[in-house]
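Peer 1: Attaching a single structure in structure tokens format; questions to follow.
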Amino acid sequence: MTTARKYNVEVLFTGVPKKSDFKIVEETLRAIKDGEFLAEAVWLSVDPYMRGAVNSSTIGNTMIGEQVAKVIESKNGNFKVGDYVAGMFGWRTKTISNGDRVRKLDRSIYTDDKLSTALGILGMPGATAYLAFLDICAPKEGETLVVTGAAGAVGSAVGQIAKIKGCRVVGFAGSDEKVQYLKSLGFDEAINYKTMGSLKETLEKTCPKGIDMFFDNVGGEFYDTIIPQMNKSGRVTIVGAISQYNLENPEKGTRVNRSILGKELTVKGFVVYSHLPRWPEAFKTMGEWIDKGQLKYNETVTEGFDNMFDAFAGLFSGKNLGKAVVKA
Ligand code: NDP
């Protein structure tokens with residue numbers, strides 16, 4: 001008899017998610033059938049989107065999320081014992097899967113020391129950075145990019161890709177330690193938005209030639225202030241709005257539509273799961289950049305399945321530098 005532990009969502013989140021919104025429960029797993037395998041979590045992901053993806057249908061069910069897991073029993077020829085996979089198994093220690101929508105990890109890329117990157121730089125956030133930035137911002141050498149949430153999993157990759165493309169990069173992050181990190185990655189300007197004072201004046205000072213591209217992870221005041229400072233024909237990629245996720249009452253923002261109109265801006269949202277067939281293209285190029293030392297990444301590791309909530313909550317208090325992952 002095999003048992004698994006998992007986090008059930010007990011109540012809908014209001015404001016910042018609370019530990020009491022979850023309950024860790026034990027589950028007895030049935031034997032696997034033909035075509036199935038049993039996998040044990042090795043690395044688990046916590047991501048900002050999880051905040052918004054919990055809804056009434058999630059209540060009483062396992063918390064959603066991706067993990068890297070090791071196949072420990074198998075009756076599926078495509079997944080052998082010892083293989084590593086990435087799948088949306090949720091916050092749980094063991095999972096029975098039939099292999100549907102599961103990525104088998106190529107061990108020549110995802111070596112023992114790089115397994116967790118399947119959840120980060122060579123996983124969902126990396127694909128977001130690469131595809132959303134290159135497709136929508138369409139960078140040209142010498143142009144200026146502003147990126148918010150710059151020291152996170154997506155933002156830190158976006159800034160470096162822009163540097164590889166010959167752009168000037170200005171990043172905003174929430175601590176002096178993060179600012180130092182961004183400078184070490186080659187960002188031209190890195191600003192601690194919590195201590196900077198006026199955002200408008202900071203942008204005028206750090207972007208003397210205006211802003212050609214804006215990659216937004218944060219939304220809110222950043223969006224309202226940056227849009228009017230964009231150059232003619234600027235491109236804006238919206239992948240996130242983390243400043244808004246925990247608000248109990250939506251904020252009213254500045255009306256920026258006249259800037260979008262007058263400057264003929266392209267403003268486009270992007271959801272990485274709509275682009276699954278193109279993830280390998282992103283990982284191939286990014287893997288090459290990593291090997292050449294042009295693209296660096298950091299992971300903030302929380303030890304232990306029992307501490308998953310703390311890792312998740314840390315996303316909203318800025319605890320993570322780079323990708324937040326949990327080692328089971
Ligand atoms: P991060 O690794 O950037 O972690 C979240 C970071 O957001 C925190 O470390 C914190 O950094 C910052 N943050 C938290 N609260 C606030 C706030 N109120 N105001 C400003 N910054 C805040 O997460 P990801 O890189 O994984 O994701 C970044 C964004 O991209 C998120 O909005 C996420 O939802 C979105 N996303 C969208 C995808 C898509 O397909 N559309 C795919 C993947 C991610 P700091 O200390 O700097 O404040």
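Residues are referred to by chain and number: the chain letter is A, B, ... according to the order shown in the structure tokens, the number counts from 1 in that chain, and ligands are numbered separately from 1 in the order shown.
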I need the helix (DSSP H, G or I) residues of range 132-320 of chain A per DSSP on the backbone, written as a ChimeraX atom specification.

Peer 2: /A:132-137,153-164,176-184,199-206,221-229,242-244,257-262,272-291,305-317

Peer 1: What residues of the protein or nucleic acid chains come within 7 Å of ligand 1 when you use only C-alpha atoms and all ligand atoms? Reply as a CSV table (one decimal) with C-alpha atoms, in the first residue's frame.

Peer 2:
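The result, written out as pocket05.csv:
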```
chain,number,residue,atom,x,y,z
A,47,ASP,CA,4.3,30.4,-8.8
A,48,PRO,CA,2.3,33.6,-8.6
A,49,TYR,CA,-0.4,32.4,-11.0
A,124,MET,CA,7.4,27.5,-17.7
A,125,PRO,CA,8.9,30.8,-16.5
A,128,THR,CA,7.4,32.9,-20.8
A,149,GLY,CA,9.6,42.2,-11.2
A,150,ALA,CA,13.1,42.1,-12.6
A,151,ALA,CA,14.8,39.8,-10.1
A,152,GLY,CA,12.2,37.1,-10.3
A,153,ALA,CA,12.1,33.9,-12.4
A,154,VAL,CA,10.7,35.6,-15.5
A,155,GLY,CA,12.0,39.2,-15.1
A,172,PHE,CA,12.8,47.4,-10.9
A,173,ALA,CA,13.0,45.1,-7.9
A,174,GLY,CA,12.1,45.2,-4.2
A,175,SER,CA,15.4,45.1,-2.3
A,217,ASN,CA,5.1,41.4,-14.4
A,218,VAL,CA,3.7,43.7,-11.8
A,239,VAL,CA,2.5,38.7,-18.6
A,240,GLY,CA,1.6,39.4,-15.0
A,241,ALA,CA,0.1,41.9,-12.5
A,242,ILE,CA,1.3,40.6,-9.2
A,243,SER,CA,0.7,43.9,-7.4
A,244,GLN,CA,-3.0,43.3,-7.9
A,270,PHE,CA,0.6,36.6,-23.2
A,271,VAL,CA,-0.3,33.3,-21.6
A,272,VAL,CA,2.5,30.8,-21.9
A,273,TYR,CA,0.3,27.7,-21.9
A,315,LEU,CA,6.4,35.2,-3.6
A,316,PHE,CA,4.1,38.0,-2.3
A,317,SER,CA,6.6,39.4,0.2
A,318,GLY,CA,9.5,39.3,-2.3
A,319,LYS,CA,11.4,36.5,-0.4
A,320,ASN,CA,12.6,34.9,-3.6
A,321,LEU,CA,15.5,35.8,-5.8
A,322,GLY,CA,15.0,34.1,-9.2
A,323,LYS,CA,12.8,31.0,-9.3
A,324,ALA,CA,11.2,29.8,-6.0
```

Peer 1: Looking at A:Val81, A:Leu119, A:Ile32, A:Ala129, which one is nearest to Ser97 in chain A, with distances taken over only C-alpha atoms?

Peer 2: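 Nearest to Ser97 in chain A: A:Ile32.
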
Peer 1: Under the rule that only C-alpha atoms are counted, which of A:Val146, A:Val236, A:Met50, A:Ala157 is the nearest residue to Ala127 in chain A?

Peer 2: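 That would be A:Ala157, the residue with the smallest distance to Ala127 in chain A.
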
Peer 1: Compare A:Val54, A:Leu265, A:Met63, A:Ala69 by their minimum atom-to-atom distance to Glu40 in chain A, counting only C-alpha atoms, and give me the closest one.

Peer 2: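 Of all the options, A:Ala69 lies closest to Glu40 in chain A.
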
Peer 1: So which bits of range 115-322 of chain A end up strand (DSSP E) when you DSSP the backbone, as a VMD selection string?

Peer 2: chain A and resid 144 to 147 168 to 173 189 to 192 211 to 216 230 to 238 266 to 269 299 to 303

Peer 1: Near range 99-114 of chain A, counting only C-alpha atoms, which residues have an atom at most 6 Å away, once you skip same-chain residues fewer than 5 positions from it, shown as a ChimeraX atom specification?

Peer 2: /A:84-87

Peer 1: Give me a file of those residues, with N, CA, C and O atoms, as an mmCIF file, in the first residue's frame.

Peer 2:
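Wrote selection01.cif, looks like this:
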```cif
data_model
loop_
_atom_site.group_PDB
_atom_site.id
_atom_site.type_symbol
_atom_site.label_atom_id
_atom_site.label_comp_id
_atom_site.auth_asym_id
_atom_site.auth_seq_id
_atom_site.Cartn_x
_atom_site.Cartn_y
_atom_site.Cartn_z
ATOM 1 N N TYR A 84 12.757 10.852 -15.057
ATOM 2 C CA TYR A 84 12.260 12.057 -14.383
ATOM 3 C C TYR A 84 11.270 12.758 -15.311
ATOM 4 O O TYR A 84 11.476 12.815 -16.528
ATOM 5 N N VAL A 85 10.208 13.268 -14.720
ATOM 6 C CA VAL A 85 9.154 13.920 -15.510
ATOM 7 C C VAL A 85 8.796 15.253 -14.867
ATOM 8 O O VAL A 85 9.051 15.478 -13.680
ATOM 9 N N ALA A 86 8.214 16.134 -15.676
ATOM 10 C CA ALA A 86 7.616 17.367 -15.138
ATOM 11 C C ALA A 86 6.132 17.304 -15.467
ATOM 12 O O ALA A 86 5.752 17.052 -16.619
ATOM 13 N N GLY A 87 5.306 17.481 -14.467
ATOM 14 C CA GLY A 87 3.858 17.384 -14.692
ATOM 15 C C GLY A 87 3.082 18.254 -13.721
ATOM 16 O O GLY A 87 3.579 18.619 -12.651
#
```

Peer 1: Using only C-alpha atoms, which residues sit within 6 Å of Val71 in chain A once same-chain residues fewer than 2 positions away are excluded, as a PDB file with N, CA and C atoms, in the first residue's frame?

Peer 2:
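Output saved as around_38.pdb:
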```pdb
ATOM      1  N   LEU A  38       3.715   5.510 -11.362  1.00  0.00           N
ATOM      2  CA  LEU A  38       3.685   6.206 -10.069  1.00  0.00           C
ATOM      3  C   LEU A  38       4.960   7.034  -9.976  1.00  0.00           C
ATOM      4  N   ALA A  39       4.797   8.306  -9.648  1.00  0.00           N
ATOM      5  CA  ALA A  39       5.966   9.190  -9.585  1.00  0.00           C
ATOM      6  C   ALA A  39       6.028   9.862  -8.218  1.00  0.00           C
ATOM      7  N   GLU A  73       7.424   3.424 -10.124  1.00  0.00           N
ATOM      8  CA  GLU A  73       6.749   2.195 -10.553  1.00  0.00           C
ATOM      9  C   GLU A  73       6.149   2.503 -11.901  1.00  0.00           C
ATOM     10  N   VAL A  81      10.908   3.183 -14.848  1.00  0.00           N
ATOM     11  CA  VAL A  81      11.366   3.446 -13.479  1.00  0.00           C
ATOM     12  C   VAL A  81      12.731   4.138 -13.549  1.00  0.00           C
ATOM     13  N   GLY A  82      12.864   5.244 -12.830  1.00  0.00           N
ATOM     14  CA  GLY A  82      14.121   6.004 -12.855  1.00  0.00           C
ATOM     15  C   GLY A  82      14.060   7.225 -13.746  1.00  0.00           C
ATOM     16  N   ASP A  83      13.049   7.275 -14.656  1.00  0.00           N
ATOM     17  CA  ASP A  83      12.885   8.478 -15.485  1.00  0.00           C
ATOM     18  C   ASP A  83      12.434   9.652 -14.602  1.00  0.00           C
TER      19      ASP A  83
END
```

Peer 1: Applying 9 Å and only C-alpha atoms, which residues near Gly35 in chain A remain after dropping the ones on its own chain fewer than 2 positions away? List them as a ChimeraX atom specification.

Peer 2: /A:32-33,37,74-78,97-99

Peer 1: Restricting it to C-alpha atoms, dump the selection as a short mmCIF file (atom, residue, chain, number, x, y, z; two decimals), in the first residue's frame.

Peer 2:
```cif
data_model
loop_
_atom_site.label_atom_id
_atom_site.label_comp_id
_atom_site.auth_asym_id
_atom_site.auth_seq_id
_atom_site.Cartn_x
_atom_site.Cartn_y
_atom_site.Cartn_z
CA ILE A 32 -1.29 1.42 -10.85
CA LYS A 33 -3.08 0.05 -13.92
CA PHE A 37 3.08 5.06 -13.62
CA SER A 74 5.55 1.88 -14.13
CA LYS A 75 3.17 0.00 -16.40
CA ASN A 76 3.67 2.54 -19.20
CA GLY A 77 6.36 1.80 -21.81
CA ASN A 78 7.11 5.48 -22.37
CA SER A 97 -0.31 9.41 -13.99
CA ASN A 98 -1.10 8.02 -17.42
CA GLY A 99 1.53 10.31 -18.96
#
```

Peer 1: Find the distance between CA of Lys6 in chain A and CA of Trp43 in chain A and write it in Å to one decimal.

Peer 2: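 Straight-line distance from CA of Lys6 in chain A to CA of Trp43 in chain A works out to 14.0 Å.
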
Peer 1: Excluding Met286 in chain A and any residue of its chain fewer than 3 positions from it, enumerate the residues within 10 Å of it, using only C-alpha atoms, and give them as a PyMOL selection string.

Peer 2: chain A and resi 121-122+126-127+130+157+161+280-283+289-292+294-296

Peer 1: Find the residues of range 203-223 of chain A that sit at most 12 Å from range 182-192 of chain A; for each, write down the nearest two atoms and how far apart they are in Å, to one decimal. Count only C-alpha atoms. Sort by chain, then by number going up, and give it as a Markdown table.

Peer 2:
```
| residue | atom | partner | partner_atom | distance |
| --- | --- | --- | --- | --- |
| A:Leu203 | CA | A:Ile191 | CA | 9.9 |
| A:Lys205 | CA | A:Glu189 | CA | 10.2 |
| A:Thr206 | CA | A:Glu189 | CA | 6.8 |
| A:Cys207 | CA | A:Glu189 | CA | 9.1 |
| A:Pro208 | CA | A:Glu189 | CA | 11.8 |
```

Peer 1: Could you tell me which of A:Asp135, A:Glu251, A:Glu141, A:Glu27 comes closest to Gly269 in chain A if we count only C-alpha atoms?

Peer 2: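 With only C-alpha atoms as the atom set, the closest residue is A:Asp135.
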
Peer 1: Of the candidates A:Thr237, A:Ser45, A:Thr2, A:Asn307, which shows the shortest atom-to-atom distance to Thr95 in chain A, using only C-alpha atoms?

Peer 2: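 Of the candidates, the smallest distance to Thr95 in chain A is held by A:Thr2.
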